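I have placed the structure first, in the form of structure tokens, so that the comments after it can refer back to it.
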Amino acid sequence: MDERFQFAILYPRMGRRSIMKRFMFILTIILLVFSSLAFIPTEQLNQEINANPPKDTVKLIFIHHSTGENWLNDENGGLARALQQNNYFPSDTNYGWGPDSIGDRTDIPNWPEWFRSPNTPQIMQAVFNENDLHSPYERTLADPGGENQIILFKSCFPNSALEGNPDDPPTPGSDLNVGNAKYIYNEILQYFKTRPDKLFVLITAPPLIDSTHAANARALTGWLVNDWLKENNYTLPNVAVFDFYNVLTGPNNHHRFVNGIIEHAVNDKRNTEYYPSEDDHPSRQGNQKATAEFLPMLNIFYNRWKSAGAAQPVEPSTAETPAMIPDDGQNNQSSGSPAGAVEGMLFDFESDQPPWEASVDEATGTTALDCQASPAAAFSGKQGLQIAFNVPASSWATCSSFYDSPHDLSKSDGVQFMLKVDEPGVVLHLDVFTGPNGDRATYAREIPLQDAGKWLTVQTLWSDLKRVDWETGGGSVFNHPGEITGFAFGFPAGEKGNSGVIYVDDFQTFNAKSSPSEPQSSKPTVQPAEPSPTPMQSRGFLPFCGSIVFIPLGILVILGRRRG
């Protein structure tokens, strides 16, 4: 059929110029619709969005300064009242709060101290346990008990004075600039991965009246909403962003749930405070606008996180259990442990020793492990090694340390360390390595842990270690204590996953006067703790195919009906 004849059928009584105008109009609408869909995450297109409040009361804490105080205030933003109307029981932190007055420090460069420092366990436990008010609002709900489940955190308006350039990539540093801010936000995701049982909601810093650095602030908040989690392949539902900044830059700028979709709209082309008070603090009007838009979004964040389910402890393993002796806390080796003289301290996690570093299965995108020295992990001295991990089914993660050259530990009979776990049922491997990188041999012993909350002395003879099955010679007994190149704690996950926190201290060699008798039970098969990682899978957010196919047809039908 002739193309001109097809046009004539579709658009009778129209000239060639009118037809071209009509199709240009249709094309413009298609582009506008498609560009707006590009900002809607795939999950919003494929899943029903639930903006209903939780059925049961949920404990929530807000980390903030003066702007957050005004927002919570019953006589200003009314956020605390609205939270309770939606079944959230609020607490908050403010200036002077917490360990070492950490509440004084909530600027963007301070977040690593909260979430990525040796003091993180102490600080965050205080956050989880906080139950008091530090701002002017009243509570109308009864305390449901337990820890805070949702953590809101926000920096104040000075953090919108970002130096640098809008497109700066993540760059480590100490200044308040775009690159360092991106780097810091990327870093703290490592902690959030280890706590899938908590929901973390980042509230972007409010805008300034001054426009000097306004373009940088706009760029950072846009990156946080649209690109932060995507660029890090972060797929856990326990992190969300609310763009407080954008809401306060104009009456037609929004971050809200409307007409069944999440709308992040920048219609007013300004990057400065539209609702100022006597200074850069948002006004009552601005705060109340933010409250109205935030609560449905918080409900969506909560329901999305809750529907995924928090990490559950794995069932205790029935595999062979090495010697684990409850310690009396008086010395490094309890009276109940096998007799022997300690030959040498390998790691006290305080001296100048090889670092311990995390390695995870990147193929899943959700496997997480954080290992670092921490005062909370100290059995003796000032600090020990804390390892927080969340390993989904069929994945793996390790915390390892390697020497620059082989160490001869042949004068000892094995190694021992002090160990405490926060939950029973964690599955742990002790790995010992020989050989250089690229030709490394791995020997392991599985240590299923069932005793939680107290320090144990864990001893492993060299003869307890077996070559892992996935290497040549799998199952062979370790007999190279004079050629050790490293150690690791491995966290394999079978069908159920493996998550929790362990604390290790005083990792040392020991000499036993007599070796423990061989266990009567059959020996377990050691599973690989660290198979070769596969390249990270890429994840699309909005496939081009399929979306645009249906739009032109729908528009043509609508236009046809209008002509009729």
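Chain labels A, B, ... are given in the sequence in which chains occur in the structure tokens; within each chain residues are numbered consecutively from 1, and ligands are likewise numbered from 1 in the order shown.
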Practice problem: Name the residues of region 107-187 of chain A that fall into strand (DSSP E or B) according to DSSP on the backbone, using the chain letters and numbers of this document, as a list in words. | Solution: Ile150, Ile151, Leu152, Phe153, Lys154, Glu163 and Asn177 of chain A
Create the file for the chosen residues now, containing C-alpha atoms and written as a short mmCIF file (atom, residue, chain, number, x, y, z; two decimals), in the first residue's frame.
data_model
loop_
_atom_site.label_atom_id
_atom_site.label_comp_id
_atom_site.auth_asym_id
_atom_site.auth_seq_id
_atom_site.Cartn_x
_atom_site.Cartn_y
_atom_site.Cartn_z
CA ILE A 150 14.38 2.99 61.31
CA ILE A 151 17.29 5.45 61.34
CA LEU A 152 16.76 8.84 59.67
CA PHE A 153 19.94 10.90 59.31
CA LYS A 154 20.45 14.40 57.93
CA GLU A 163 32.91 23.22 46.65
CA ASN A 177 33.13 19.18 48.22
#
Counting only C-alpha atoms, give me one row per residue of region 466-514 of chain A with an atom at most 12 Å from an atom of region 426-435 of chain A, showing the shortest contact pair and its distance in Å to one decimal, sorted by chain then residue number, as CSV.
residue,atom,partner,partner_atom,distance
A:Lys466,CA,A:Asp431,CA,9.4
A:Arg467,CA,A:Val432,CA,9.4
A:Val468,CA,A:Asp431,CA,9.3
A:Val477,CA,A:Val432,CA,11.8
A:Phe478,CA,A:Val432,CA,9.0
A:Asn479,CA,A:Thr434,CA,10.3
A:His480,CA,A:Thr434,CA,7.6
A:Pro481,CA,A:Thr434,CA,8.6
A:Gly482,CA,A:Thr434,CA,9.1
A:Glu483,CA,A:Thr434,CA,5.8
A:Ile484,CA,A:Thr434,CA,4.8
A:Thr485,CA,A:Thr434,CA,5.0
A:Gly486,CA,A:Phe433,CA,5.0
A:Phe487,CA,A:Val432,CA,4.7
A:Ala488,CA,A:Asp431,CA,4.9
A:Phe489,CA,A:Leu430,CA,5.0
A:Gly490,CA,A:His429,CA,4.7
A:Phe491,CA,A:Leu428,CA,5.2
A:Pro492,CA,A:Val427,CA,7.0
A:Ala493,CA,A:Val427,CA,7.8
A:Gly494,CA,A:Val427,CA,9.7
A:Lys496,CA,A:Val427,CA,11.0
A:Gly497,CA,A:Val427,CA,9.5
A:Asn498,CA,A:Val426,CA,6.4
A:Ser499,CA,A:Val426,CA,6.8
A:Gly500,CA,A:Val426,CA,6.9
A:Val501,CA,A:Val426,CA,8.7
A:Ile502,CA,A:Val426,CA,8.7
A:Tyr503,CA,A:Leu428,CA,12.0
A:Val504,CA,A:Leu430,CA,11.8
A:Phe507,CA,A:Leu430,CA,11.5
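Residues within 8 Å of region 261-270 of chain A, counting only C-alpha atoms and excluding same-chain residues fewer than 3 positions away, are A:Phe39, A:Ile40, A:Gln44, A:Ile49, A:Asn246, A:Thr249, A:Gly250, A:Pro251, A:Asn252, A:Asn253, A:His254, A:His255, A:Arg256, A:Phe257, A:Val258.
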For Phe157 (chain A): contacts at 10 Å, only C-alpha atoms, fewer than 6 positions along chain excluded, given as an MDAnalysis selection string:
chainID A and resid 65:67 107 204:209 245 273 280:282
Using backbone DSSP assignments, extract all helix (DSSP H, G or I) residues from region 297-503 of chain A; output them as JSON, numbers by chain. {"A": [297, 298, 299, 300, 301, 302, 303, 304, 305, 306, 307, 308, 375, 376, 377, 462, 463, 464]}
Between CA of Asn233 (chain A) and CA of Pro169 (chain A) lies a distance of 16.4 Å
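With only C-alpha atoms as the atoms that count, the residue of A:Gly77, A:Leu202, A:Ile63, A:Pro112 with the shortest distance to Tyr95 (chain A) is A:Ile63.
The space between CA of Ser351 (chain A) and CA of Pro109 (chain A) spans 27.2 Å.
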With distances taken over only C-alpha atoms, the candidate from A:Glu69, A:Glu495, A:Asp505, A:Asp175 nearest Asn94 (chain A) is A:Glu69
